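One file, target.pdb, carrying PDB, C-alpha atoms, pLDDT in the B column:
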```pdb
ATOM      1  CA  MET A   1      90.376 126.134 168.595  1.00 56.00           C
ATOM      2  CA  PHE A   2      86.687 126.967 168.715  1.00 64.00           C
ATOM      3  CA  GLU A   3      84.217 127.541 165.945  1.00 72.00           C
ATOM      4  CA  ASP A   4      83.733 131.202 165.104  1.00 79.00           C
ATOM      5  CA  LYS A   5      80.186 131.193 166.490  1.00 76.00           C
ATOM      6  CA  ILE A   6      81.530 130.058 169.900  1.00 77.00           C
ATOM      7  CA  ALA A   7      84.381 132.598 169.926  1.00 79.00           C
ATOM      8  CA  ASP A   8      81.934 135.328 168.843  1.00 82.00           C
ATOM      9  CA  LEU A   9      80.114 134.925 172.163  1.00 79.00           C
ATOM     10  CA  MET A  10      83.210 136.325 173.865  1.00 83.00           C
ATOM     11  CA  LYS A  11      83.521 139.355 171.562  1.00 87.00           C
ATOM     12  CA  LYS A  12      82.113 142.835 171.613  1.00 89.00           C
ATOM     13  CA  ASP A  13      82.975 145.546 169.123  1.00 91.00           C
ATOM     14  CA  GLY A  14      85.506 143.216 167.499  1.00 86.00           C
ATOM     15  CA  LYS A  15      87.480 142.683 170.720  1.00 90.00           C
ATOM     16  CA  MET A  16      87.817 139.373 172.561  1.00 86.00           C
ATOM     17  CA  TYR A  17      86.838 139.676 176.249  1.00 85.00           C
ATOM     18  CA  GLY A  18      87.075 136.058 177.294  1.00 83.00           C
ATOM     19  CA  ILE A  19      88.443 132.701 176.324  1.00 79.00           C
ATOM     20  CA  PRO A  20      86.034 129.775 176.530  1.00 75.00           C
ATOM     21  CA  ASN A  21      87.582 126.819 178.320  1.00 76.00           C
ATOM     22  CA  SER A  22      84.739 124.372 177.928  1.00 74.00           C
ATOM     23  CA  VAL A  23      81.855 124.304 175.496  1.00 75.00           C
ATOM     24  CA  TYR A  24      79.356 121.797 174.242  1.00 74.00           C
ATOM     25  CA  THR A  25      76.700 121.729 171.601  1.00 75.00           C
ATOM     26  CA  MET A  26      73.282 120.167 171.631  1.00 79.00           C
ATOM     27  CA  GLY A  27      72.246 117.948 168.780  1.00 82.00           C
ATOM     28  CA  LEU A  28      70.014 115.130 167.705  1.00 88.00           C
ATOM     29  CA  ASP A  29      71.472 111.663 168.117  1.00 88.00           C
ATOM     30  CA  VAL A  30      69.788 108.788 166.312  1.00 91.00           C
ATOM     31  CA  ASN A  31      69.754 105.055 166.876  1.00 92.00           C
ATOM     32  CA  ARG A  32      70.814 103.604 163.537  1.00 93.00           C
ATOM     33  CA  LYS A  33      69.278 100.193 164.235  1.00 94.00           C
ATOM     34  CA  LEU A  34      65.798 101.653 164.767  1.00 96.00           C
ATOM     35  CA  PHE A  35      66.143 103.909 161.723  1.00 97.00           C
ATOM     36  CA  GLU A  36      67.044 100.873 159.647  1.00 96.00           C
ATOM     37  CA  GLU A  37      64.076  98.895 161.010  1.00 97.00           C
ATOM     38  CA  ALA A  38      61.804 101.827 160.103  1.00 98.00           C
ATOM     39  CA  GLY A  39      63.224 102.107 156.578  1.00 97.00           C
ATOM     40  CA  LEU A  40      64.756 105.523 157.224  1.00 97.00           C
ATOM     41  CA  LEU A  41      68.161 105.045 155.588  1.00 95.00           C
ATOM     42  CA  ASP A  42      69.247 106.776 152.393  1.00 95.00           C
ATOM     43  CA  GLU A  43      70.583 104.988 149.298  1.00 95.00           C
ATOM     44  CA  ASN A  44      74.032 104.793 150.967  1.00 93.00           C
ATOM     45  CA  GLY A  45      72.686 103.174 154.124  1.00 91.00           C
ATOM     46  CA  VAL A  46      73.014 106.372 156.168  1.00 91.00           C
ATOM     47  CA  PRO A  47      70.181 107.365 158.541  1.00 94.00           C
ATOM     48  CA  ILE A  48      68.039 110.213 157.240  1.00 94.00           C
ATOM     49  CA  VAL A  49      68.482 112.528 160.211  1.00 93.00           C
ATOM     50  CA  PRO A  50      65.677 115.093 160.680  1.00 94.00           C
ATOM     51  CA  GLN A  51      66.837 118.689 160.306  1.00 92.00           C
ATOM     52  CA  THR A  52      63.795 120.492 161.758  1.00 95.00           C
ATOM     53  CA  TRP A  53      61.369 119.872 164.606  1.00 96.00           C
ATOM     54  CA  ASP A  54      58.597 119.146 162.069  1.00 97.00           C
ATOM     55  CA  GLU A  55      60.816 116.565 160.357  1.00 97.00           C
ATOM     56  CA  LEU A  56      61.609 115.068 163.760  1.00 97.00           C
ATOM     57  CA  VAL A  57      57.912 114.626 164.528  1.00 98.00           C
ATOM     58  CA  LYS A  58      57.319 112.908 161.163  1.00 98.00           C
ATOM     59  CA  THR A  59      60.356 110.678 161.669  1.00 98.00           C
ATOM     60  CA  ALA A  60      59.303 109.804 165.219  1.00 98.00           C
ATOM     61  CA  VAL A  61      55.810 108.876 164.000  1.00 98.00           C
ATOM     62  CA  THR A  62      57.271 106.594 161.314  1.00 98.00           C
ATOM     63  CA  ILE A  63      59.565 104.928 163.835  1.00 98.00           C
ATOM     64  CA  LYS A  64      56.729 104.390 166.318  1.00 98.00           C
ATOM     65  CA  GLN A  65      54.473 102.944 163.600  1.00 98.00           C
ATOM     66  CA  LYS A  66      57.114 100.633 162.132  1.00 98.00           C
ATOM     67  CA  THR A  67      59.005  99.513 165.246  1.00 98.00           C
ATOM     68  CA  GLY A  68      56.667 100.163 168.169  1.00 98.00           C
ATOM     69  CA  LYS A  69      59.535 102.002 169.894  1.00 98.00           C
ATOM     70  CA  ALA A  70      59.595 105.610 171.075  1.00 98.00           C
ATOM     71  CA  GLY A  71      60.633 107.941 168.297  1.00 98.00           C
ATOM     72  CA  PHE A  72      62.036 110.664 170.553  1.00 97.00           C
ATOM     73  CA  ALA A  73      62.875 111.422 174.173  1.00 95.00           C
ATOM     74  CA  ILE A  74      64.608 114.014 176.317  1.00 91.00           C
ATOM     75  CA  PRO A  75      65.596 113.803 179.984  1.00 91.00           C
ATOM     76  CA  THR A  76      63.042 115.523 182.198  1.00 93.00           C
ATOM     77  CA  THR A  77      64.251 115.065 185.791  1.00 93.00           C
ATOM     78  CA  GLN A  78      67.281 116.088 187.869  1.00 91.00           C
ATOM     79  CA  ASN A  79      67.361 119.605 186.378  1.00 87.00           C
ATOM     80  CA  TYR A  80      67.708 118.268 182.830  1.00 87.00           C
ATOM     81  CA  GLY A  81      64.096 118.924 181.862  1.00 88.00           C
ATOM     82  CA  GLY A  82      64.296 122.691 182.089  1.00 89.00           C
ATOM     83  CA  TRP A  83      67.760 122.840 180.578  1.00 85.00           C
ATOM     84  CA  ASN A  84      66.712 120.736 177.578  1.00 89.00           C
ATOM     85  CA  PHE A  85      63.385 122.534 177.251  1.00 92.00           C
ATOM     86  CA  MET A  86      65.101 125.924 177.205  1.00 92.00           C
ATOM     87  CA  ASN A  87      67.287 124.824 174.305  1.00 91.00           C
ATOM     88  CA  ILE A  88      64.218 123.736 172.340  1.00 93.00           C
ATOM     89  CA  ALA A  89      62.436 127.005 173.117  1.00 95.00           C
ATOM     90  CA  TRP A  90      65.500 129.031 172.109  1.00 94.00           C
ATOM     91  CA  SER A  91      65.574 127.162 168.793  1.00 93.00           C
ATOM     92  CA  TYR A  92      62.075 128.578 168.191  1.00 96.00           C
ATOM     93  CA  GLY A  93      63.279 132.070 169.121  1.00 95.00           C
ATOM     94  CA  GLY A  94      61.915 131.870 172.660  1.00 96.00           C
ATOM     95  CA  ASN A  95      63.134 134.035 175.501  1.00 94.00           C
ATOM     96  CA  PHE A  96      62.997 133.487 179.246  1.00 93.00           C
ATOM     97  CA  MET A  97      64.149 136.854 180.522  1.00 93.00           C
ATOM     98  CA  GLU A  98      63.797 140.501 179.700  1.00 92.00           C
ATOM     99  CA  VAL A  99      65.141 143.623 181.342  1.00 94.00           C
ATOM    100  CA  ARG A 100      62.656 146.305 182.386  1.00 95.00           C
ATOM    101  CA  ASP A 101      63.867 149.484 184.050  1.00 96.00           C
ATOM    102  CA  GLY A 102      67.266 147.883 184.547  1.00 95.00           C
ATOM    103  CA  LYS A 103      65.870 144.819 186.343  1.00 96.00           C
ATOM    104  CA  PRO A 104      65.672 141.261 184.972  1.00 95.00           C
ATOM    105  CA  TYR A 105      62.250 139.599 184.811  1.00 94.00           C
ATOM    106  CA  ALA A 106      61.430 135.999 184.031  1.00 93.00           C
ATOM    107  CA  ILE A 107      59.089 135.641 181.087  1.00 92.00           C
ATOM    108  CA  PHE A 108      57.496 132.561 179.609  1.00 89.00           C
ATOM    109  CA  ASN A 109      54.532 133.770 177.575  1.00 91.00           C
ATOM    110  CA  ASN A 110      56.127 134.282 174.191  1.00 95.00           C
ATOM    111  CA  GLU A 111      55.829 132.545 170.840  1.00 96.00           C
ATOM    112  CA  GLY A 112      59.044 130.493 171.022  1.00 96.00           C
ATOM    113  CA  VAL A 113      58.306 129.107 174.477  1.00 96.00           C
ATOM    114  CA  ILE A 114      54.717 128.322 173.533  1.00 96.00           C
ATOM    115  CA  LYS A 115      55.842 126.508 170.360  1.00 97.00           C
ATOM    116  CA  ALA A 116      58.278 124.409 172.392  1.00 96.00           C
ATOM    117  CA  PHE A 117      55.512 123.477 174.869  1.00 95.00           C
ATOM    118  CA  GLU A 118      53.219 122.596 171.969  1.00 97.00           C
ATOM    119  CA  LEU A 119      55.917 120.436 170.376  1.00 98.00           C
ATOM    120  CA  ILE A 120      56.457 118.344 173.510  1.00 96.00           C
ATOM    121  CA  TYR A 121      52.717 118.208 174.256  1.00 97.00           C
ATOM    122  CA  ASP A 122      51.896 117.018 170.725  1.00 98.00           C
ATOM    123  CA  MET A 123      54.697 114.452 170.743  1.00 97.00           C
ATOM    124  CA  LYS A 124      53.244 112.955 173.922  1.00 97.00           C
ATOM    125  CA  TRP A 125      49.487 113.341 173.508  1.00 97.00           C
ATOM    126  CA  LYS A 126      48.787 113.800 169.792  1.00 98.00           C
ATOM    127  CA  TYR A 127      51.417 111.540 168.203  1.00 98.00           C
ATOM    128  CA  ASN A 128      52.340 109.229 171.128  1.00 98.00           C
ATOM    129  CA  VAL A 129      56.008 109.076 170.075  1.00 98.00           C
ATOM    130  CA  LEU A 130      57.610 109.643 173.495  1.00 98.00           C
ATOM    131  CA  PRO A 131      58.325 106.817 175.937  1.00 97.00           C
ATOM    132  CA  GLU A 132      55.353 105.838 178.065  1.00 95.00           C
ATOM    133  CA  ASN A 133      57.158 107.082 181.161  1.00 94.00           C
ATOM    134  CA  ILE A 134      58.531 110.516 180.355  1.00 93.00           C
ATOM    135  CA  LEU A 135      60.038 111.097 183.805  1.00 95.00           C
ATOM    136  CA  LEU A 136      63.548 110.270 182.679  1.00 94.00           C
ATOM    137  CA  SER A 137      66.899 111.086 184.181  1.00 91.00           C
ATOM    138  CA  ARG A 138      69.769 111.576 181.786  1.00 86.00           C
ATOM    139  CA  ASN A 139      70.994 108.047 182.532  1.00 87.00           C
ATOM    140  CA  ASP A 140      67.485 106.608 182.047  1.00 92.00           C
ATOM    141  CA  LEU A 141      67.381 108.193 178.594  1.00 90.00           C
ATOM    142  CA  TYR A 142      70.836 106.972 177.691  1.00 87.00           C
ATOM    143  CA  GLN A 143      69.931 103.438 178.741  1.00 89.00           C
ATOM    144  CA  LEU A 144      66.760 103.517 176.622  1.00 93.00           C
ATOM    145  CA  PHE A 145      68.714 104.802 173.638  1.00 91.00           C
ATOM    146  CA  ALA A 146      71.588 102.333 174.094  1.00 89.00           C
ATOM    147  CA  THR A 147      69.195  99.383 174.378  1.00 91.00           C
ATOM    148  CA  ASP A 148      67.211 100.300 171.241  1.00 93.00           C
ATOM    149  CA  GLN A 149      64.095 101.579 173.016  1.00 95.00           C
ATOM    150  CA  VAL A 150      64.356 105.200 171.773  1.00 96.00           C
ATOM    151  CA  ALA A 151      65.251 106.220 168.217  1.00 96.00           C
ATOM    152  CA  CYS A 152      66.142 109.899 168.667  1.00 94.00           C
ATOM    153  CA  MET A 153      67.362 111.943 171.590  1.00 91.00           C
ATOM    154  CA  TYR A 154      68.334 115.560 171.974  1.00 83.00           C
ATOM    155  CA  ALA A 155      71.563 115.667 173.946  1.00 77.00           C
ATOM    156  CA  ALA A 156      74.948 117.231 174.489  1.00 73.00           C
ATOM    157  CA  GLY A 157      77.821 115.487 172.761  1.00 68.00           C
ATOM    158  CA  ASP A 158      79.485 114.086 175.884  1.00 65.00           C
ATOM    159  CA  TRP A 159      77.329 111.057 176.492  1.00 65.00           C
ATOM    160  CA  ALA A 160      78.415 108.252 174.140  1.00 65.00           C
ATOM    161  CA  ASN A 161      81.527 106.884 175.829  1.00 62.00           C
ATOM    162  CA  GLY A 162      79.715 106.226 179.097  1.00 66.00           C
ATOM    163  CA  MET A 163      76.840 104.473 177.373  1.00 68.00           C
ATOM    164  CA  ILE A 164      79.163 102.345 175.300  1.00 67.00           C
ATOM    165  CA  SER A 165      80.804 101.008 178.436  1.00 67.00           C
ATOM    166  CA  ALA A 166      77.689 100.912 180.658  1.00 73.00           C
ATOM    167  CA  TYR A 167      75.259  99.302 178.217  1.00 74.00           C
ATOM    168  CA  GLY A 168      77.407  97.776 175.492  1.00 72.00           C
ATOM    169  CA  LEU A 169      76.205 100.286 172.911  1.00 72.00           C
ATOM    170  CA  ASP A 170      77.816  99.699 169.535  1.00 73.00           C
ATOM    171  CA  ARG A 171      79.415 103.005 168.466  1.00 72.00           C
ATOM    172  CA  ASN A 172      78.365 102.216 164.871  1.00 72.00           C
ATOM    173  CA  ASN A 173      74.721 102.374 165.988  1.00 69.00           C
ATOM    174  CA  ILE A 174      74.977 106.127 166.633  1.00 74.00           C
ATOM    175  CA  SER A 175      74.388 108.848 164.072  1.00 70.00           C
ATOM    176  CA  ASN A 176      73.828 112.512 164.732  1.00 62.00           C
ATOM    177  CA  SER A 177      72.815 115.739 163.136  1.00 56.00           C
ATOM    178  CA  PRO A 178      75.459 117.610 161.163  1.00 51.00           C
TER
END
```

Take the structure I supplied and represent it as structure tokens, if you would.
Amino acid sequence: MFEDKIADLMKKDGKMYGIPNSVYTMGLDVNRKLFEEAGLLDENGVPIVPQTWDELVKTAVTIKQKTGKAGFAIPTTQNYGGWNFMNIAWSYGGNFMEVRDGKPYAIFNNEGVIKAFELIYDMKWKYNVLPENILLSRNDLYQLFATDQVACMYAAGDWANGMISAYGLDRNNISNSP
């Protein structure tokens, strides 16, 4: 069973034209230990997970100031950089392709893509909340997160089991966006 918004991708004019056999979602995962150290738990002891990019920046700044650890990171190498960046740009309404005269063209100069570039740029150079080395593979990021070096990461939901076994990550130290 898939959520309606996933099944809707396979529909046109109310008819189903495909059946998804594998899907994933992207979300924000947070390191509970670093949130606790930064004083970012609610009255029930639950991490206050940012719900917008602006909230994420503020949270990452607080974490960096209070713990000295990176507030946020995404993988940037091995084809993960573009894939993750595209998801951020799409969340801003960005677009990477348009059709002109029946032909597809790559486009990058639009408001959503520019906002995504500005977000990453500011996190690195204005707020200094990314890891010092931002050339991270997916496994590099997961190791940093699992060993309490990164407080927030934007990732697909399939990562936790491998990091629990590879780095001894305590499953109770993971929270994520609803």

Enclose the full set of atoms of region 23-31 of chain A listed in the file within a box whose edges lie along x, y and z, apply 8 Å of padding to each of the six sides, and report centre and edge lengths in Å to one decimal as lines of an AutoDock Vina configuration file.
```
center_x = 75.8
center_y = 114.7
center_z = 170.9
size_x = 28.1
size_y = 35.2
size_z = 25.2
```

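One distance worth recording is that between CA of Ser175 (chain A) and CA of Trp125 (chain A), which is 27.0 Å.
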
Report the distance between CA of Pro75 (chain A) and CA of Leu135 (chain A) in Å, rounded to one decimal place. 7.3 Å

Using the chain letters and numbers from the file, which residues does the PyMOL selection byres ((chain A and resi 112-124) around 12) grab, as an mmCIF file with C-alpha atoms, in the coordinates of the input?
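Below you can see result-v8.cif, which holds the result:
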```cif
data_model
loop_
_atom_site.group_PDB
_atom_site.id
_atom_site.type_symbol
_atom_site.label_atom_id
_atom_site.label_comp_id
_atom_site.auth_asym_id
_atom_site.auth_seq_id
_atom_site.Cartn_x
_atom_site.Cartn_y
_atom_site.Cartn_z
ATOM 1 C CA THR A 52 63.795 120.492 161.758
ATOM 2 C CA TRP A 53 61.369 119.872 164.606
ATOM 3 C CA ASP A 54 58.597 119.146 162.069
ATOM 4 C CA GLU A 55 60.816 116.565 160.357
ATOM 5 C CA LEU A 56 61.609 115.068 163.760
ATOM 6 C CA VAL A 57 57.912 114.626 164.528
ATOM 7 C CA LYS A 58 57.319 112.908 161.163
ATOM 8 C CA THR A 59 60.356 110.678 161.669
ATOM 9 C CA ALA A 60 59.303 109.804 165.219
ATOM 10 C CA VAL A 61 55.810 108.876 164.000
ATOM 11 C CA LYS A 64 56.729 104.390 166.318
ATOM 12 C CA ALA A 70 59.595 105.610 171.075
ATOM 13 C CA GLY A 71 60.633 107.941 168.297
ATOM 14 C CA PHE A 72 62.036 110.664 170.553
ATOM 15 C CA ALA A 73 62.875 111.422 174.173
ATOM 16 C CA ILE A 74 64.608 114.014 176.317
ATOM 17 C CA THR A 76 63.042 115.523 182.198
ATOM 18 C CA GLY A 81 64.096 118.924 181.862
ATOM 19 C CA GLY A 82 64.296 122.691 182.089
ATOM 20 C CA ASN A 84 66.712 120.736 177.578
ATOM 21 C CA PHE A 85 63.385 122.534 177.251
ATOM 22 C CA MET A 86 65.101 125.924 177.205
ATOM 23 C CA ASN A 87 67.287 124.824 174.305
ATOM 24 C CA ILE A 88 64.218 123.736 172.340
ATOM 25 C CA ALA A 89 62.436 127.005 173.117
ATOM 26 C CA TRP A 90 65.500 129.031 172.109
ATOM 27 C CA SER A 91 65.574 127.162 168.793
ATOM 28 C CA TYR A 92 62.075 128.578 168.191
ATOM 29 C CA GLY A 93 63.279 132.070 169.121
ATOM 30 C CA GLY A 94 61.915 131.870 172.660
ATOM 31 C CA ASN A 95 63.134 134.035 175.501
ATOM 32 C CA PHE A 96 62.997 133.487 179.246
ATOM 33 C CA MET A 97 64.149 136.854 180.522
ATOM 34 C CA ILE A 107 59.089 135.641 181.087
ATOM 35 C CA PHE A 108 57.496 132.561 179.609
ATOM 36 C CA ASN A 109 54.532 133.770 177.575
ATOM 37 C CA ASN A 110 56.127 134.282 174.191
ATOM 38 C CA GLU A 111 55.829 132.545 170.840
ATOM 39 C CA TRP A 125 49.487 113.341 173.508
ATOM 40 C CA LYS A 126 48.787 113.800 169.792
ATOM 41 C CA TYR A 127 51.417 111.540 168.203
ATOM 42 C CA ASN A 128 52.340 109.229 171.128
ATOM 43 C CA VAL A 129 56.008 109.076 170.075
ATOM 44 C CA LEU A 130 57.610 109.643 173.495
ATOM 45 C CA PRO A 131 58.325 106.817 175.937
ATOM 46 C CA GLU A 132 55.353 105.838 178.065
ATOM 47 C CA ASN A 133 57.158 107.082 181.161
ATOM 48 C CA ILE A 134 58.531 110.516 180.355
#
```

Set the distance at 12 Å and use only C-alpha atoms: which residues neighbour Glu36 (chain A) once local chain neighbours fewer than 4 positions away are removed? I'd like the list as a PyMOL selection string. chain A and resi 30-32+40-49+62-63+66-67+148+151+173-175

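Picture a line from CA of Val150 (chain A) to CA of Asp170 (chain A); it runs 14.7 Å.
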
List, as a VMD selection string, every residue that the PyMOL selection byres ((chain A and resi 24) around 10) selects in the file provided. chain A and resid 6 22 to 23 25 to 27 155 to 158

For the selection you just gave me, I'd like the residues written to a file as a PDB file, keeping the file's coordinate frame, keeping C-alpha atoms.
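This went into result.pdb:
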```pdb
ATOM      1  CA  ILE A   6      81.530 130.058 169.900  1.00 77.00           C
ATOM      2  CA  SER A  22      84.739 124.372 177.928  1.00 74.00           C
ATOM      3  CA  VAL A  23      81.855 124.304 175.496  1.00 75.00           C
ATOM      4  CA  THR A  25      76.700 121.729 171.601  1.00 75.00           C
ATOM      5  CA  MET A  26      73.282 120.167 171.631  1.00 79.00           C
ATOM      6  CA  GLY A  27      72.246 117.948 168.780  1.00 82.00           C
ATOM      7  CA  ALA A 155      71.563 115.667 173.946  1.00 77.00           C
ATOM      8  CA  ALA A 156      74.948 117.231 174.489  1.00 73.00           C
ATOM      9  CA  GLY A 157      77.821 115.487 172.761  1.00 68.00           C
ATOM     10  CA  ASP A 158      79.485 114.086 175.884  1.00 65.00           C
TER      11      ASP A 158
END
```

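The residue set within 7 Å of Gln143 (chain A), counting all atoms listed in the file and dropping same-chain residues fewer than 4 places from it, reads A:Asn139, A:Thr147, A:Tyr167.
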
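Using only C-alpha atoms, the nearest neighbour of Asn172 (chain A) within the list A:Ala146, A:Trp83, A:Ser137, A:Lys12 is A:Ala146.
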
From the structure block, carefully write region 118-139 of chain A out with N, CA and C atoms; format it as a PDB file, in the first residue's frame.
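Printed below is decode_38.pdb as written:
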```pdb
ATOM      1  N   GLU A 118      21.867  29.229  -2.918  1.00  0.00           N
ATOM      2  CA  GLU A 118      22.097  30.213  -1.852  1.00  0.00           C
ATOM      3  C   GLU A 118      22.038  29.562  -0.469  1.00  0.00           C
ATOM      4  N   LEU A 119      21.118  28.634  -0.277  1.00  0.00           N
ATOM      5  CA  LEU A 119      21.015  27.936   0.999  1.00  0.00           C
ATOM      6  C   LEU A 119      22.315  27.212   1.334  1.00  0.00           C
ATOM      7  N   ILE A 120      22.806  26.406   0.411  1.00  0.00           N
ATOM      8  CA  ILE A 120      24.031  25.640   0.654  1.00  0.00           C
ATOM      9  C   ILE A 120      25.220  26.581   0.810  1.00  0.00           C
ATOM     10  N   TYR A 121      25.308  27.595  -0.041  1.00  0.00           N
ATOM     11  CA  TYR A 121      26.394  28.573   0.041  1.00  0.00           C
ATOM     12  C   TYR A 121      26.407  29.248   1.414  1.00  0.00           C
ATOM     13  N   ASP A 122      25.249  29.734   1.844  1.00  0.00           N
ATOM     14  CA  ASP A 122      25.163  30.418   3.145  1.00  0.00           C
ATOM     15  C   ASP A 122      25.481  29.479   4.300  1.00  0.00           C
ATOM     16  N   MET A 123      25.016  28.231   4.212  1.00  0.00           N
ATOM     17  CA  MET A 123      25.325  27.289   5.292  1.00  0.00           C
ATOM     18  C   MET A 123      26.836  27.077   5.417  1.00  0.00           C
ATOM     19  N   LYS A 124      27.527  27.077   4.297  1.00  0.00           N
ATOM     20  CA  LYS A 124      28.981  26.874   4.330  1.00  0.00           C
ATOM     21  C   LYS A 124      29.716  28.168   4.678  1.00  0.00           C
ATOM     22  N   TRP A 125      29.439  29.252   3.963  1.00  0.00           N
ATOM     23  CA  TRP A 125      30.286  30.431   4.050  1.00  0.00           C
ATOM     24  C   TRP A 125      29.758  31.530   4.963  1.00  0.00           C
ATOM     25  N   LYS A 126      28.469  31.643   5.138  1.00  0.00           N
ATOM     26  CA  LYS A 126      27.916  32.677   6.010  1.00  0.00           C
ATOM     27  C   LYS A 126      27.763  32.170   7.446  1.00  0.00           C
ATOM     28  N   TYR A 127      27.233  30.956   7.596  1.00  0.00           N
ATOM     29  CA  TYR A 127      26.928  30.432   8.931  1.00  0.00           C
ATOM     30  C   TYR A 127      27.926  29.388   9.434  1.00  0.00           C
ATOM     31  N   ASN A 128      28.740  28.823   8.546  1.00  0.00           N
ATOM     32  CA  ASN A 128      29.750  27.828   8.913  1.00  0.00           C
ATOM     33  C   ASN A 128      29.152  26.664   9.712  1.00  0.00           C
ATOM     34  N   VAL A 129      28.048  26.096   9.227  1.00  0.00           N
ATOM     35  CA  VAL A 129      27.389  25.008   9.940  1.00  0.00           C
ATOM     36  C   VAL A 129      27.559  23.653   9.251  1.00  0.00           C
ATOM     37  N   LEU A 130      28.253  23.617   8.118  1.00  0.00           N
ATOM     38  CA  LEU A 130      28.535  22.361   7.437  1.00  0.00           C
ATOM     39  C   LEU A 130      29.864  21.816   7.942  1.00  0.00           C
ATOM     40  N   PRO A 131      30.123  20.524   7.734  1.00  0.00           N
ATOM     41  CA  PRO A 131      31.440  20.001   8.109  1.00  0.00           C
ATOM     42  C   PRO A 131      32.542  20.754   7.373  1.00  0.00           C
ATOM     43  N   GLU A 132      33.719  20.782   7.965  1.00  0.00           N
ATOM     44  CA  GLU A 132      34.833  21.479   7.316  1.00  0.00           C
ATOM     45  C   GLU A 132      35.074  20.924   5.925  1.00  0.00           C
ATOM     46  N   ASN A 133      35.136  19.609   5.809  1.00  0.00           N
ATOM     47  CA  ASN A 133      35.276  18.964   4.510  1.00  0.00           C
ATOM     48  C   ASN A 133      33.878  18.610   4.026  1.00  0.00           C
ATOM     49  N   ILE A 134      33.434  19.254   2.967  1.00  0.00           N
ATOM     50  CA  ILE A 134      32.088  18.989   2.469  1.00  0.00           C
ATOM     51  C   ILE A 134      32.076  17.989   1.320  1.00  0.00           C
ATOM     52  N   LEU A 135      33.235  17.458   0.960  1.00  0.00           N
ATOM     53  CA  LEU A 135      33.292  16.418  -0.070  1.00  0.00           C
ATOM     54  C   LEU A 135      33.035  15.075   0.599  1.00  0.00           C
ATOM     55  N   LEU A 136      31.768  14.760   0.752  1.00  0.00           N
ATOM     56  CA  LEU A 136      31.350  13.588   1.511  1.00  0.00           C
ATOM     57  C   LEU A 136      30.632  12.580   0.630  1.00  0.00           C
ATOM     58  N   SER A 137      31.050  11.322   0.744  1.00  0.00           N
ATOM     59  CA  SER A 137      30.254  10.258   0.149  1.00  0.00           C
ATOM     60  C   SER A 137      29.073   9.999   1.075  1.00  0.00           C
ATOM     61  N   ARG A 138      28.154   9.198   0.630  1.00  0.00           N
ATOM     62  CA  ARG A 138      27.019   8.850   1.480  1.00  0.00           C
ATOM     63  C   ARG A 138      27.519   8.166   2.752  1.00  0.00           C
ATOM     64  N   ASN A 139      28.460   7.245   2.616  1.00  0.00           N
ATOM     65  CA  ASN A 139      28.977   6.551   3.803  1.00  0.00           C
ATOM     66  C   ASN A 139      29.761   7.477   4.723  1.00  0.00           C
TER      67      ASN A 139
END
```
